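Pasting data03.txt here (compact mmCIF, N, CA and C atoms):
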```
# COMPACT_ATOMS: atom_id res chain seq x y z
N MET A 1 0.85 -1.17 0.00
CA MET A 1 0.00 0.00 0.00
C MET A 1 0.89 1.24 0.00
N ILE A 2 0.53 2.24 -0.79
CA ILE A 2 1.34 3.46 -0.86
C ILE A 2 1.14 4.31 0.39
N THR A 3 2.11 5.16 0.64
CA THR A 3 2.09 5.99 1.85
C THR A 3 1.77 7.45 1.51
N SER A 4 1.47 8.21 2.53
CA SER A 4 1.19 9.64 2.34
C SER A 4 2.40 10.36 1.75
N ARG A 5 3.59 9.98 2.17
CA ARG A 5 4.80 10.62 1.62
C ARG A 5 4.96 10.30 0.15
N GLN A 6 4.62 9.09 -0.25
CA GLN A 6 4.72 8.73 -1.66
C GLN A 6 3.71 9.51 -2.50
N ILE A 7 2.53 9.72 -1.96
CA ILE A 7 1.53 10.50 -2.69
C ILE A 7 2.02 11.93 -2.90
N ARG A 8 2.54 12.55 -1.85
CA ARG A 8 3.05 13.92 -1.96
C ARG A 8 4.21 14.00 -2.95
N ALA A 9 5.12 13.03 -2.88
CA ALA A 9 6.28 13.01 -3.78
C ALA A 9 5.85 12.80 -5.23
N ALA A 10 4.88 11.94 -5.44
CA ALA A 10 4.39 11.68 -6.80
C ALA A 10 3.75 12.93 -7.38
N ARG A 11 2.96 13.62 -6.57
CA ARG A 11 2.35 14.87 -7.03
C ARG A 11 3.42 15.89 -7.40
N ALA A 12 4.47 15.97 -6.58
CA ALA A 12 5.55 16.92 -6.84
C ALA A 12 6.25 16.59 -8.16
N LEU A 13 6.50 15.32 -8.42
CA LEU A 13 7.13 14.93 -9.68
C LEU A 13 6.29 15.31 -10.88
N LEU A 14 4.99 15.20 -10.74
CA LEU A 14 4.07 15.51 -11.84
C LEU A 14 3.73 16.99 -11.92
N GLY A 15 4.03 17.73 -10.85
CA GLY A 15 3.67 19.15 -10.81
C GLY A 15 2.18 19.36 -10.64
N TRP A 16 1.51 18.42 -9.99
CA TRP A 16 0.06 18.48 -9.77
C TRP A 16 -0.27 19.10 -8.42
N SER A 17 -1.37 19.80 -8.37
CA SER A 17 -1.92 20.27 -7.10
C SER A 17 -2.75 19.13 -6.51
N GLN A 18 -3.16 19.30 -5.27
CA GLN A 18 -4.06 18.31 -4.67
C GLN A 18 -5.36 18.23 -5.44
N GLN A 19 -5.84 19.39 -5.92
CA GLN A 19 -7.09 19.41 -6.69
C GLN A 19 -6.96 18.64 -7.99
N GLN A 20 -5.83 18.78 -8.67
CA GLN A 20 -5.62 18.04 -9.92
C GLN A 20 -5.62 16.54 -9.67
N LEU A 21 -4.97 16.11 -8.60
CA LEU A 21 -4.97 14.69 -8.27
C LEU A 21 -6.38 14.22 -7.93
N ALA A 22 -7.09 15.00 -7.15
CA ALA A 22 -8.47 14.64 -6.79
C ALA A 22 -9.33 14.50 -8.04
N ASP A 23 -9.18 15.43 -8.98
CA ASP A 23 -9.96 15.38 -10.22
C ASP A 23 -9.64 14.14 -11.05
N ARG A 24 -8.35 13.82 -11.17
CA ARG A 24 -7.95 12.68 -11.99
C ARG A 24 -8.30 11.34 -11.34
N ALA A 25 -8.31 11.31 -10.01
CA ALA A 25 -8.63 10.08 -9.29
C ALA A 25 -10.14 9.96 -9.02
N ILE A 26 -10.86 11.04 -9.31
CA ILE A 26 -12.30 11.13 -9.05
C ILE A 26 -12.60 10.85 -7.58
N VAL A 27 -11.91 11.60 -6.74
CA VAL A 27 -12.14 11.57 -5.28
C VAL A 27 -12.23 13.02 -4.82
N SER A 28 -12.62 13.23 -3.59
CA SER A 28 -12.74 14.60 -3.09
C SER A 28 -11.37 15.18 -2.74
N LEU A 29 -11.29 16.50 -2.82
CA LEU A 29 -10.08 17.20 -2.41
C LEU A 29 -9.79 16.92 -0.94
N ASN A 30 -10.81 16.86 -0.14
CA ASN A 30 -10.67 16.58 1.29
C ASN A 30 -10.03 15.21 1.51
N ALA A 31 -10.40 14.22 0.71
CA ALA A 31 -9.82 12.88 0.85
C ALA A 31 -8.33 12.90 0.54
N VAL A 32 -7.93 13.61 -0.50
CA VAL A 32 -6.51 13.72 -0.85
C VAL A 32 -5.75 14.41 0.28
N ALA A 33 -6.29 15.50 0.78
CA ALA A 33 -5.63 16.24 1.86
C ALA A 33 -5.48 15.37 3.11
N ARG A 34 -6.52 14.63 3.46
CA ARG A 34 -6.45 13.77 4.65
C ARG A 34 -5.40 12.69 4.47
N LEU A 35 -5.36 12.07 3.31
CA LEU A 35 -4.37 11.01 3.07
C LEU A 35 -2.96 11.55 3.11
N GLU A 36 -2.74 12.72 2.51
CA GLU A 36 -1.40 13.30 2.51
C GLU A 36 -0.96 13.73 3.91
N ASN A 37 -1.91 14.02 4.76
CA ASN A 37 -1.58 14.40 6.14
C ASN A 37 -1.47 13.19 7.05
N GLY A 38 -1.59 12.01 6.49
CA GLY A 38 -1.42 10.80 7.27
C GLY A 38 -2.68 10.31 7.95
N MET A 39 -3.79 10.97 7.69
CA MET A 39 -5.06 10.52 8.26
C MET A 39 -5.69 9.54 7.28
N VAL A 40 -5.62 8.27 7.58
CA VAL A 40 -6.04 7.24 6.65
C VAL A 40 -7.55 7.32 6.43
N ASP A 41 -7.93 7.31 5.16
CA ASP A 41 -9.34 7.29 4.80
C ASP A 41 -9.87 5.89 5.07
N SER A 42 -11.11 5.82 5.49
CA SER A 42 -11.67 4.51 5.83
C SER A 42 -11.93 3.65 4.59
N ARG A 43 -11.92 4.28 3.43
CA ARG A 43 -12.19 3.51 2.21
C ARG A 43 -10.90 3.19 1.47
N ILE A 44 -10.65 1.94 1.32
CA ILE A 44 -9.49 1.48 0.54
C ILE A 44 -9.65 1.91 -0.91
N SER A 45 -10.88 1.99 -1.39
CA SER A 45 -11.13 2.37 -2.77
C SER A 45 -10.59 3.76 -3.09
N THR A 46 -10.59 4.66 -2.11
CA THR A 46 -10.06 6.01 -2.32
C THR A 46 -8.56 5.94 -2.57
N LEU A 47 -7.86 5.21 -1.75
CA LEU A 47 -6.42 5.06 -1.91
C LEU A 47 -6.08 4.36 -3.22
N GLN A 48 -6.86 3.36 -3.58
CA GLN A 48 -6.64 2.66 -4.84
C GLN A 48 -6.87 3.58 -6.04
N ALA A 49 -7.88 4.43 -5.97
CA ALA A 49 -8.16 5.36 -7.07
C ALA A 49 -7.02 6.36 -7.24
N ILE A 50 -6.47 6.83 -6.13
CA ILE A 50 -5.34 7.76 -6.18
C ILE A 50 -4.12 7.07 -6.76
N GLN A 51 -3.84 5.87 -6.29
CA GLN A 51 -2.69 5.12 -6.80
C GLN A 51 -2.84 4.87 -8.30
N LYS A 52 -4.01 4.47 -8.73
CA LYS A 52 -4.25 4.18 -10.14
C LYS A 52 -4.05 5.43 -11.01
N ALA A 53 -4.54 6.59 -10.55
CA ALA A 53 -4.39 7.83 -11.30
C ALA A 53 -2.92 8.22 -11.43
N LEU A 54 -2.16 8.03 -10.36
CA LEU A 54 -0.73 8.37 -10.40
C LEU A 54 0.04 7.42 -11.30
N ILE A 55 -0.28 6.14 -11.25
CA ILE A 55 0.39 5.16 -12.11
C ILE A 55 0.08 5.46 -13.58
N LYS A 56 -1.17 5.80 -13.86
CA LYS A 56 -1.57 6.13 -15.23
C LYS A 56 -0.80 7.35 -15.75
N ALA A 57 -0.44 8.26 -14.85
CA ALA A 57 0.32 9.46 -15.23
C ALA A 57 1.81 9.19 -15.37
N GLY A 58 2.25 7.96 -15.06
CA GLY A 58 3.65 7.61 -15.25
C GLY A 58 4.47 7.44 -13.98
N ILE A 59 3.80 7.43 -12.84
CA ILE A 59 4.52 7.26 -11.57
C ILE A 59 4.72 5.77 -11.29
N GLU A 60 5.89 5.44 -10.81
CA GLU A 60 6.19 4.08 -10.37
C GLU A 60 6.50 4.15 -8.88
N PHE A 61 5.81 3.34 -8.11
CA PHE A 61 6.01 3.31 -6.66
C PHE A 61 7.07 2.28 -6.30
N LEU A 62 8.00 2.68 -5.46
CA LEU A 62 9.07 1.80 -5.01
C LEU A 62 8.77 1.37 -3.58
N ASP A 63 8.69 0.07 -3.38
CA ASP A 63 8.38 -0.46 -2.05
C ASP A 63 9.49 -0.15 -1.06
N ALA A 64 9.10 -0.07 0.18
CA ALA A 64 10.08 0.16 1.25
C ALA A 64 10.99 -1.05 1.36
N ASP A 65 12.26 -0.80 1.36
CA ASP A 65 13.25 -1.86 1.57
C ASP A 65 14.34 -1.26 2.44
N GLN A 66 15.53 -1.80 2.36
CA GLN A 66 16.60 -1.28 3.21
C GLN A 66 16.96 0.17 2.89
N LYS A 67 16.68 0.61 1.66
CA LYS A 67 16.99 1.98 1.26
C LYS A 67 15.80 2.92 1.47
N GLY A 68 14.64 2.38 1.78
CA GLY A 68 13.46 3.20 2.02
C GLY A 68 12.49 3.20 0.86
N GLU A 69 11.32 3.77 1.11
CA GLU A 69 10.27 3.84 0.10
C GLU A 69 10.55 4.99 -0.86
N GLY A 70 9.86 4.98 -1.99
CA GLY A 70 10.06 6.06 -2.92
C GLY A 70 9.11 6.02 -4.09
N VAL A 71 9.30 6.98 -4.99
CA VAL A 71 8.56 7.06 -6.24
C VAL A 71 9.51 7.53 -7.31
N ARG A 72 9.17 7.22 -8.54
CA ARG A 72 9.94 7.77 -9.66
C ARG A 72 9.01 7.92 -10.85
N LEU A 73 9.39 8.81 -11.75
CA LEU A 73 8.64 9.04 -12.96
C LEU A 73 9.24 8.17 -14.04
N LYS A 74 8.41 7.35 -14.66
CA LYS A 74 8.90 6.45 -15.70
C LYS A 74 9.40 7.26 -16.89
N SER A 75 10.41 6.73 -17.55
CA SER A 75 10.93 7.39 -18.75
C SER A 75 9.91 7.23 -19.87
N PRO A 76 9.75 8.28 -20.68
CA PRO A 76 8.84 8.13 -21.82
C PRO A 76 9.36 7.06 -22.78
N LYS A 77 8.44 6.28 -23.30
CA LYS A 77 8.83 5.23 -24.24
C LYS A 77 9.09 5.84 -25.60
N SER A 78 10.15 5.35 -26.28
CA SER A 78 10.46 5.90 -27.60
C SER A 78 9.67 5.22 -28.68
```
Kindly present the structure from the file in structure tokens form.
Amino acid sequence: MITSRQIRAARALLGWSQQQLADRAIVSLNAVARLENGMVDSRISTLQAIQKALIKAGIEFLDADQKGEGVRLKSPKS
């Protein structure tokens, strides 16, 4: 499951506001703000919608390991 820090970092890589992410994930702005502040939304579907929107935009989530969690923007395909 992605973390609030990963969501914030992914938005920063894309240059998106919270509103843009909410629009693309079809969730409320309040839900995005709560998740980014670490207040877990009771609906898993909200988190999944956000993750799906970010992946569709080219974000790749890196699982936490010995080096820590992260995100990266996929290279455009030639």
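When atom CA of Leu21 of chain A is paired with atom CA of Lys74 of chain A, their separation reads 17.8 Å.
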**OP:** Please provide the set of residues having any atom within 9 Å of Leu29 of chain A, restricted to only C-alpha atoms, with same-chain residues fewer than 4 positions apart removed, written as a list in words.
**Re:**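 Contacts, in chain order: Gln18, Gln19, Gln20, Leu21, Ala22, Asp23, Ala33 and Arg34 of chain A.
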Original post:
So which residues fall inside 5 Å of (7.4, 8.2, 0.6) if we count all atoms listed in the file? Mind giving them as JSON, numbers by chain?
Top reply: {"A": [5, 6, 69, 70]}
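In this model, the gap between atom N of Ala49 of chain A and atom C of Lys67 of chain A comes to 24.9 Å.
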**OP:** Just list the residues in chain A DSSP gives helix (DSSP H, G or I) on the backbone, as an NGL selection string.
**Re:** :A and (4-14 or 18-25 or 29-36 or 44-56)
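Considering only N, CA and C atoms, the residue among A:Val27, A:Asn37, A:Gly68, A:Ile59 positioned nearest to Leu14 of chain A is A:Ile59.
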Original post:
Which one of A:Ser45, A:Ser28, A:Gln51, A:Ser17 sits closest to Ile2 of chain A if you count only N, CA and C atoms?
Top reply: A:Gln51
Original post:
How many Å separate atom CA of Ala64 of chain A from atom CA of Ile26 of chain A?
Top reply: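 Atom CA of Ile26 of chain A lies at a distance of 27.0 Å from atom CA of Ala64 of chain A.
The set of protein, DNA and RNA residues with any counted atom at most 10 Å from (-0.7, 12.2, -15.8) (only C-alpha atoms) reads Arg11, Leu14, Gly15, Trp16, Gln20, Leu21, Arg24, Ala53, Leu54, Ile55, Lys56, Ala57, Gly58 and Ile59 of chain A.
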Looking only at strand (DSSP E or B) from DSSP on the backbone, list the matching residues of chain A as a short mmCIF file (atom, residue, chain, number, x, y, z; two decimals) with N, CA and C atoms, in the coordinates of the input.
```
data_model
loop_
_atom_site.label_atom_id
_atom_site.label_comp_id
_atom_site.auth_asym_id
_atom_site.auth_seq_id
_atom_site.Cartn_x
_atom_site.Cartn_y
_atom_site.Cartn_z
N ILE A 59 3.80 7.43 -12.84
CA ILE A 59 4.52 7.26 -11.57
C ILE A 59 4.72 5.77 -11.29
N GLU A 60 5.89 5.44 -10.81
CA GLU A 60 6.19 4.08 -10.37
C GLU A 60 6.50 4.15 -8.88
N PHE A 61 5.81 3.34 -8.11
CA PHE A 61 6.01 3.31 -6.66
C PHE A 61 7.07 2.28 -6.30
N LEU A 62 8.00 2.68 -5.46
CA LEU A 62 9.07 1.80 -5.01
C LEU A 62 8.77 1.37 -3.58
N GLY A 70 9.86 4.98 -1.99
CA GLY A 70 10.06 6.06 -2.92
C GLY A 70 9.11 6.02 -4.09
N VAL A 71 9.30 6.98 -4.99
CA VAL A 71 8.56 7.06 -6.24
C VAL A 71 9.51 7.53 -7.31
N ARG A 72 9.17 7.22 -8.54
CA ARG A 72 9.94 7.77 -9.66
C ARG A 72 9.01 7.92 -10.85
N LEU A 73 9.39 8.81 -11.75
CA LEU A 73 8.64 9.04 -12.96
C LEU A 73 9.24 8.17 -14.04
#
```
